[in-house]
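To be precise, the following lines are target-v2.cif, and they hold mmCIF, N, CA, C and O atoms.
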```
data_query
#
loop_
_atom_site.label_atom_id
_atom_site.label_comp_id
_atom_site.auth_asym_id
_atom_site.auth_seq_id
_atom_site.Cartn_x
_atom_site.Cartn_y
_atom_site.Cartn_z
N MET Q 9 0.84 -1.17 0.00
CA MET Q 9 0.00 0.00 0.00
C MET Q 9 0.89 1.24 0.00
O MET Q 9 1.90 1.28 0.66
N ARG Q 10 0.48 2.25 -0.79
CA ARG Q 10 1.23 3.48 -0.87
C ARG Q 10 0.47 4.58 -0.14
O ARG Q 10 -0.74 4.58 -0.05
N ALA Q 11 1.24 5.56 0.38
CA ALA Q 11 0.66 6.71 1.07
C ALA Q 11 1.66 7.85 0.99
O ALA Q 11 2.84 7.66 0.67
N VAL Q 12 1.20 9.05 1.29
CA VAL Q 12 2.11 10.19 1.45
C VAL Q 12 2.29 10.41 2.94
O VAL Q 12 1.31 10.55 3.68
N TRP Q 13 3.54 10.40 3.36
CA TRP Q 13 3.87 10.63 4.77
C TRP Q 13 4.65 11.92 4.88
O TRP Q 13 5.35 12.35 3.95
N LYS Q 14 4.59 12.52 6.08
CA LYS Q 14 5.28 13.77 6.38
C LYS Q 14 6.43 13.48 7.34
O LYS Q 14 6.29 12.69 8.28
N PHE Q 15 7.59 14.14 7.09
CA PHE Q 15 8.77 13.95 7.91
C PHE Q 15 9.32 15.32 8.33
O PHE Q 15 9.53 16.18 7.47
N PRO Q 16 9.56 15.55 9.62
CA PRO Q 16 10.12 16.84 10.05
C PRO Q 16 11.57 17.00 9.61
O PRO Q 16 12.33 16.03 9.55
N LEU Q 17 11.94 18.23 9.29
CA LEU Q 17 13.32 18.55 8.90
C LEU Q 17 14.02 19.36 9.99
O LEU Q 17 14.95 20.11 9.70
N GLY Q 18 13.60 19.26 11.18
CA GLY Q 18 14.20 20.04 12.25
C GLY Q 18 14.69 19.14 13.36
O GLY Q 18 14.34 17.97 13.41
N PRO Q 19 15.51 19.68 14.21
CA PRO Q 19 16.05 21.05 14.15
C PRO Q 19 16.99 21.21 12.95
O PRO Q 19 17.67 20.27 12.55
N LEU Q 20 16.98 22.41 12.37
CA LEU Q 20 17.78 22.67 11.18
C LEU Q 20 19.27 22.66 11.49
O LEU Q 20 19.73 23.33 12.40
N ASN Q 21 20.00 21.88 10.73
CA ASN Q 21 21.46 21.80 10.75
C ASN Q 21 21.91 21.69 9.30
O ASN Q 21 21.10 21.51 8.41
N ASP Q 22 23.22 21.74 9.08
CA ASP Q 22 23.74 21.57 7.72
C ASP Q 22 23.36 20.21 7.16
O ASP Q 22 23.09 20.07 5.97
N LEU Q 23 23.38 19.17 8.00
CA LEU Q 23 23.02 17.81 7.60
C LEU Q 23 21.88 17.33 8.48
O LEU Q 23 21.90 17.51 9.70
N ILE Q 24 20.88 16.72 7.85
CA ILE Q 24 19.73 16.22 8.58
C ILE Q 24 19.48 14.78 8.14
O ILE Q 24 19.37 14.50 6.94
N ASP Q 25 19.42 13.87 9.09
CA ASP Q 25 19.10 12.47 8.80
C ASP Q 25 17.60 12.25 9.02
O ASP Q 25 17.04 12.69 10.03
N VAL Q 26 16.99 11.57 8.06
CA VAL Q 26 15.55 11.29 8.13
C VAL Q 26 15.35 9.79 7.89
O VAL Q 26 15.80 9.26 6.87
N ALA Q 27 14.66 9.13 8.81
CA ALA Q 27 14.31 7.71 8.64
C ALA Q 27 13.00 7.66 7.85
O ALA Q 27 11.99 8.23 8.27
N MET Q 28 13.05 7.00 6.71
CA MET Q 28 11.86 6.86 5.87
C MET Q 28 11.89 5.51 5.16
O MET Q 28 12.96 4.91 5.04
N PRO Q 29 10.74 5.04 4.69
CA PRO Q 29 10.73 3.75 4.02
C PRO Q 29 11.64 3.74 2.77
O PRO Q 29 11.75 4.74 2.06
N VAL Q 30 12.26 2.61 2.54
CA VAL Q 30 13.12 2.43 1.37
C VAL Q 30 12.32 2.78 0.11
O VAL Q 30 11.17 2.38 -0.04
N GLY Q 31 12.95 3.54 -0.78
CA GLY Q 31 12.33 3.90 -2.04
C GLY Q 31 11.39 5.09 -1.97
O GLY Q 31 10.72 5.41 -2.95
N ALA Q 32 11.32 5.77 -0.82
CA ALA Q 32 10.44 6.92 -0.69
C ALA Q 32 10.74 7.96 -1.76
O ALA Q 32 11.90 8.24 -2.05
N GLU Q 33 9.69 8.52 -2.35
CA GLU Q 33 9.81 9.52 -3.40
C GLU Q 33 9.37 10.87 -2.83
O GLU Q 33 8.21 11.05 -2.46
N ILE Q 34 10.30 11.81 -2.76
CA ILE Q 34 9.99 13.12 -2.20
C ILE Q 34 9.08 13.87 -3.15
O ILE Q 34 9.35 13.96 -4.35
N VAL Q 35 7.97 14.40 -2.61
CA VAL Q 35 7.01 15.11 -3.45
C VAL Q 35 6.90 16.59 -3.11
O VAL Q 35 6.44 17.38 -3.94
N PHE Q 36 7.32 16.99 -1.90
CA PHE Q 36 7.18 18.40 -1.52
C PHE Q 36 8.03 18.70 -0.30
O PHE Q 36 8.19 17.84 0.58
N VAL Q 37 8.57 19.90 -0.25
CA VAL Q 37 9.26 20.42 0.92
C VAL Q 37 8.62 21.76 1.24
O VAL Q 37 8.43 22.58 0.35
N GLY Q 38 8.26 21.97 2.50
CA GLY Q 38 7.60 23.21 2.87
C GLY Q 38 7.59 23.41 4.37
O GLY Q 38 8.26 22.70 5.11
N VAL Q 39 6.81 24.39 4.79
CA VAL Q 39 6.69 24.72 6.21
C VAL Q 39 5.24 24.53 6.61
O VAL Q 39 4.33 24.99 5.91
N GLN Q 40 5.02 23.84 7.72
CA GLN Q 40 3.68 23.65 8.26
C GLN Q 40 3.72 24.06 9.74
O GLN Q 40 4.54 23.55 10.50
N HIS Q 41 2.86 24.99 10.10
CA HIS Q 41 2.81 25.50 11.47
C HIS Q 41 4.18 25.99 11.94
O HIS Q 41 4.59 25.76 13.08
N GLY Q 42 4.92 26.63 11.03
CA GLY Q 42 6.22 27.21 11.37
C GLY Q 42 7.38 26.23 11.39
O GLY Q 42 8.51 26.62 11.66
N GLU Q 43 7.13 24.96 11.08
CA GLU Q 43 8.18 23.93 11.12
C GLU Q 43 8.47 23.39 9.73
O GLU Q 43 7.54 23.04 9.00
N PRO Q 44 9.76 23.28 9.34
CA PRO Q 44 10.10 22.71 8.04
C PRO Q 44 9.77 21.22 7.98
O PRO Q 44 10.03 20.48 8.93
N MET Q 45 9.17 20.81 6.87
CA MET Q 45 8.74 19.43 6.68
C MET Q 45 9.07 18.97 5.27
O MET Q 45 9.23 19.76 4.36
N LEU Q 46 9.14 17.65 5.14
CA LEU Q 46 9.33 17.01 3.84
C LEU Q 46 8.21 15.98 3.71
O LEU Q 46 7.95 15.23 4.64
N TRP Q 47 7.55 15.96 2.56
CA TRP Q 47 6.50 14.98 2.28
C TRP Q 47 7.02 14.01 1.22
O TRP Q 47 7.68 14.43 0.26
N ALA Q 48 6.72 12.74 1.39
CA ALA Q 48 7.20 11.73 0.44
C ALA Q 48 6.13 10.67 0.23
O ALA Q 48 5.39 10.31 1.16
N ARG Q 49 6.05 10.19 -1.00
CA ARG Q 49 5.20 9.05 -1.31
C ARG Q 49 5.98 7.80 -0.94
O ARG Q 49 7.12 7.61 -1.39
N VAL Q 50 5.38 6.97 -0.11
CA VAL Q 50 6.10 5.81 0.43
C VAL Q 50 5.32 4.53 0.20
O VAL Q 50 4.10 4.55 0.03
N GLN Q 51 6.05 3.43 0.20
CA GLN Q 51 5.45 2.11 0.27
C GLN Q 51 5.36 1.80 1.76
O GLN Q 51 6.39 1.63 2.42
N VAL Q 52 4.16 1.76 2.29
CA VAL Q 52 3.94 1.68 3.74
C VAL Q 52 4.66 0.49 4.36
O VAL Q 52 5.21 0.59 5.47
N GLU Q 53 4.68 -0.65 3.69
CA GLU Q 53 5.26 -1.86 4.26
C GLU Q 53 6.79 -1.93 4.14
O GLU Q 53 7.41 -2.85 4.68
N ALA Q 54 7.40 -1.00 3.43
CA ALA Q 54 8.85 -1.06 3.20
C ALA Q 54 9.61 -0.83 4.50
O ALA Q 54 9.17 -0.05 5.36
N PRO Q 55 10.77 -1.48 4.64
CA PRO Q 55 11.59 -1.23 5.83
C PRO Q 55 12.14 0.20 5.79
O PRO Q 55 12.22 0.82 4.72
N LEU Q 56 12.52 0.70 6.95
CA LEU Q 56 13.07 2.06 7.03
C LEU Q 56 14.54 2.09 6.67
O LEU Q 56 15.28 1.13 6.91
N GLU Q 57 14.95 3.20 6.10
CA GLU Q 57 16.36 3.49 5.86
C GLU Q 57 16.58 4.94 6.27
O GLU Q 57 15.65 5.73 6.33
N THR Q 58 17.82 5.27 6.56
CA THR Q 58 18.15 6.65 6.90
C THR Q 58 18.68 7.34 5.66
O THR Q 58 19.61 6.86 5.02
N ARG Q 59 18.04 8.47 5.32
CA ARG Q 59 18.51 9.29 4.21
C ARG Q 59 19.00 10.61 4.77
O ARG Q 59 18.45 11.14 5.72
N ARG Q 60 20.05 11.12 4.16
CA ARG Q 60 20.68 12.35 4.65
C ARG Q 60 20.43 13.48 3.67
O ARG Q 60 20.56 13.32 2.45
N PHE Q 61 20.08 14.63 4.22
CA PHE Q 61 19.81 15.83 3.43
C PHE Q 61 20.71 16.96 3.90
O PHE Q 61 20.99 17.10 5.09
N ARG Q 62 21.17 17.76 2.93
CA ARG Q 62 21.94 18.97 3.22
C ARG Q 62 21.02 20.16 3.06
O ARG Q 62 20.23 20.21 2.13
N VAL Q 63 21.12 21.10 3.98
CA VAL Q 63 20.34 22.33 3.86
C VAL Q 63 21.29 23.50 3.81
O VAL Q 63 22.33 23.51 4.46
N ALA Q 64 20.92 24.50 3.01
CA ALA Q 64 21.75 25.69 2.87
C ALA Q 64 20.86 26.88 2.56
O ALA Q 64 19.95 26.78 1.73
N GLY Q 65 21.13 27.97 3.21
CA GLY Q 65 20.41 29.20 2.91
C GLY Q 65 20.92 29.79 1.60
O GLY Q 65 22.03 29.47 1.14
N THR Q 66 20.12 30.65 1.01
CA THR Q 66 20.54 31.34 -0.21
C THR Q 66 21.84 32.08 0.07
O THR Q 66 21.97 32.76 1.07
N GLY Q 67 22.82 31.90 -0.81
CA GLY Q 67 24.12 32.55 -0.67
C GLY Q 67 25.14 31.75 0.10
O GLY Q 67 26.32 32.09 0.09
N HIS Q 68 24.73 30.68 0.77
CA HIS Q 68 25.67 29.85 1.51
C HIS Q 68 26.47 28.99 0.53
O HIS Q 68 25.97 28.59 -0.51
N VAL Q 69 27.69 28.70 0.88
CA VAL Q 69 28.57 27.88 0.05
C VAL Q 69 28.11 26.43 0.13
O VAL Q 69 27.81 25.92 1.21
N LEU Q 70 28.05 25.77 -1.02
CA LEU Q 70 27.67 24.35 -1.09
C LEU Q 70 28.91 23.50 -1.34
O LEU Q 70 29.79 23.88 -2.11
N ALA Q 71 28.94 22.34 -0.72
CA ALA Q 71 30.01 21.40 -0.98
C ALA Q 71 29.91 20.88 -2.41
O ALA Q 71 28.82 20.81 -2.98
N ASP Q 72 31.05 20.52 -3.00
CA ASP Q 72 31.06 20.01 -4.38
C ASP Q 72 30.23 18.75 -4.54
O ASP Q 72 29.67 18.50 -5.60
N GLU Q 73 30.15 17.92 -3.48
CA GLU Q 73 29.48 16.64 -3.60
C GLU Q 73 27.97 16.71 -3.31
O GLU Q 73 27.33 15.69 -3.14
N VAL Q 74 27.43 17.90 -3.24
CA VAL Q 74 26.00 18.02 -2.94
C VAL Q 74 25.17 17.31 -4.01
O VAL Q 74 25.48 17.33 -5.20
N GLY Q 75 24.13 16.62 -3.57
CA GLY Q 75 23.28 15.84 -4.46
C GLY Q 75 22.16 16.67 -5.06
O GLY Q 75 22.18 17.90 -5.01
N PRO Q 76 21.14 16.01 -5.58
CA PRO Q 76 20.06 16.72 -6.27
C PRO Q 76 19.21 17.56 -5.31
O PRO Q 76 18.99 17.19 -4.16
N HIS Q 77 18.72 18.67 -5.85
CA HIS Q 77 17.83 19.56 -5.10
C HIS Q 77 16.48 18.88 -4.98
O HIS Q 77 15.93 18.37 -5.95
N VAL Q 78 15.92 18.85 -3.74
CA VAL Q 78 14.61 18.22 -3.54
C VAL Q 78 13.53 19.24 -3.19
O VAL Q 78 12.35 18.90 -3.20
N GLY Q 79 13.92 20.47 -2.89
CA GLY Q 79 12.92 21.49 -2.59
C GLY Q 79 13.52 22.64 -1.80
O GLY Q 79 14.66 22.57 -1.33
N SER Q 80 12.74 23.70 -1.66
CA SER Q 80 13.14 24.88 -0.90
C SER Q 80 11.95 25.35 -0.09
O SER Q 80 10.80 25.05 -0.42
N PHE Q 81 12.22 26.09 0.97
CA PHE Q 81 11.14 26.65 1.78
C PHE Q 81 11.59 27.97 2.37
O PHE Q 81 12.78 28.28 2.42
N MET Q 82 10.63 28.76 2.80
CA MET Q 82 10.90 30.08 3.37
C MET Q 82 10.54 30.09 4.85
O MET Q 82 9.59 29.45 5.27
N LEU Q 83 11.32 30.85 5.60
CA LEU Q 83 11.06 31.07 7.02
C LEU Q 83 10.97 32.57 7.28
O LEU Q 83 11.48 33.38 6.50
N HIS Q 84 10.37 32.93 8.39
CA HIS Q 84 10.27 34.32 8.82
C HIS Q 84 9.70 35.23 7.73
O HIS Q 84 10.31 36.22 7.34
N ASP Q 85 8.53 34.83 7.23
CA ASP Q 85 7.82 35.60 6.20
C ASP Q 85 8.66 35.85 4.96
O ASP Q 85 8.59 36.91 4.34
N GLY Q 86 9.49 34.88 4.58
CA GLY Q 86 10.29 34.97 3.37
C GLY Q 86 11.65 35.63 3.55
O GLY Q 86 12.40 35.76 2.59
N ALA Q 87 11.99 36.03 4.78
CA ALA Q 87 13.28 36.66 5.01
C ALA Q 87 14.44 35.68 4.84
O ALA Q 87 15.55 36.07 4.50
N ILE Q 88 14.17 34.39 5.06
CA ILE Q 88 15.18 33.34 4.92
C ILE Q 88 14.64 32.29 3.96
O ILE Q 88 13.52 31.80 4.14
N VAL Q 89 15.43 31.96 2.94
CA VAL Q 89 15.06 30.88 2.01
C VAL Q 89 16.09 29.76 2.19
O VAL Q 89 17.30 29.99 2.12
N VAL Q 90 15.58 28.58 2.44
CA VAL Q 90 16.43 27.42 2.71
C VAL Q 90 16.22 26.40 1.59
O VAL Q 90 15.09 26.12 1.19
N HIS Q 91 17.33 25.86 1.09
CA HIS Q 91 17.31 24.90 -0.02
C HIS Q 91 17.74 23.54 0.52
O HIS Q 91 18.68 23.44 1.30
N VAL Q 92 17.04 22.49 0.09
CA VAL Q 92 17.28 21.13 0.59
C VAL Q 92 17.78 20.26 -0.55
O VAL Q 92 17.18 20.21 -1.62
N PHE Q 93 18.89 19.56 -0.29
CA PHE Q 93 19.51 18.67 -1.29
C PHE Q 93 19.67 17.30 -0.66
O PHE Q 93 20.01 17.17 0.52
N GLU Q 94 19.47 16.25 -1.45
CA GLU Q 94 19.79 14.91 -0.96
C GLU Q 94 21.30 14.78 -0.96
O GLU Q 94 21.97 15.13 -1.94
N ASP Q 95 21.85 14.31 0.12
CA ASP Q 95 23.30 14.21 0.25
C ASP Q 95 23.83 13.03 -0.56
O ASP Q 95 23.28 11.94 -0.49
N SER Q 96 24.86 13.28 -1.34
CA SER Q 96 25.43 12.21 -2.15
C SER Q 96 26.81 11.81 -1.69
O SER Q 96 27.46 10.98 -2.30
N ALA Q 97 27.27 12.40 -0.56
CA ALA Q 97 28.60 12.06 -0.05
C ALA Q 97 28.57 10.67 0.54
O ALA Q 97 27.57 10.25 1.11
N PRO Q 98 29.68 9.94 0.42
CA PRO Q 98 29.74 8.57 0.98
C PRO Q 98 29.70 8.58 2.49
O PRO Q 98 30.00 9.50 3.15
#
```

Can you turn what I pasted into structure tokens?
Amino acid sequence: MRAVWKFPLGPLNDLIDVAMPVGAEIVFVGVQHGEPMLWARVQVEAPLETRRFRVAGTGHVLADEVGPHVGSFMLHDGAIVVHVFEDSAP
């Protein structure tokens, strides 16, 4: 069975580990009730794996090994824009 599940992205750090079902497909990154979240389409019965995400504000230096962009969100009425990338570092 498939479903869309929500995963918190806080507390915000440069690297964030998220436990989600294997094969989860990220569909949206945003803020709900002031908290950064990631939504993913998951296979409910799949075992969990830990996936790592890098976050960086606009203008921050990114590491060369940064993976694909999965979404961005705004905080403080748009004063801060944060970009989320799946980490591709070993």

List, as an NGL selection string, every residue that the PyMOL selection byres (((chain Q and resi 64 and name CA) around 6) and name CA) selects in the file provided. :Q and (63 or 65 or 68 or 90-91)

Which residues match the PyMOL selection byres ((chain Q and resi 15) around 6) in the file above, as a PyMOL selection string? chain Q and resi 13-14+16-17+44-48

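Picture a line from atom CA of Gln40 of chain Q to atom CA of Ala71 of chain Q; it runs 28.0 Å.
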
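Among the candidates Q:Glu33, Q:Asp72, Q:Asp85, Q:Asp95, the residue lying nearest to Arg59 of chain Q is Q:Asp95 (atoms considered: only C-alpha atoms).
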
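Minimum distance to Phe81 of chain Q across Q:Val52, Q:Ile34, Q:Ile24, Q:Val39 (counting all atoms listed in the file) occurs at Q:Val39.
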
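Each of Q:Leu83, Q:Met9, Q:Val74, Q:Val26 was checked against Glu53 of chain Q using all atoms listed in the file; the smallest atom-to-atom distance is that of Q:Met9.
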
Nearest to Arg62 of chain Q, restricted to only C-alpha atoms and choosing among Q:Pro19, Q:Gly42, Q:Gly86, Q:Gly75, comes out as Q:Gly75

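Computed from the coordinates, the atom CA of Ala54 of chain Q to atom CA of Gly31 of chain Q distance equals 8.0 Å.
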
Per DSSP on the backbone, filter chain Q down to the residues in strand (DSSP E) and report them as number ranges by chain. Q: 10-16, 23-29, 33-40, 43-51, 56-65, 74-83, 88-95

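Note that atom CA of Gly79 of chain Q and atom CA of Leu23 of chain Q are 14.8 Å apart.
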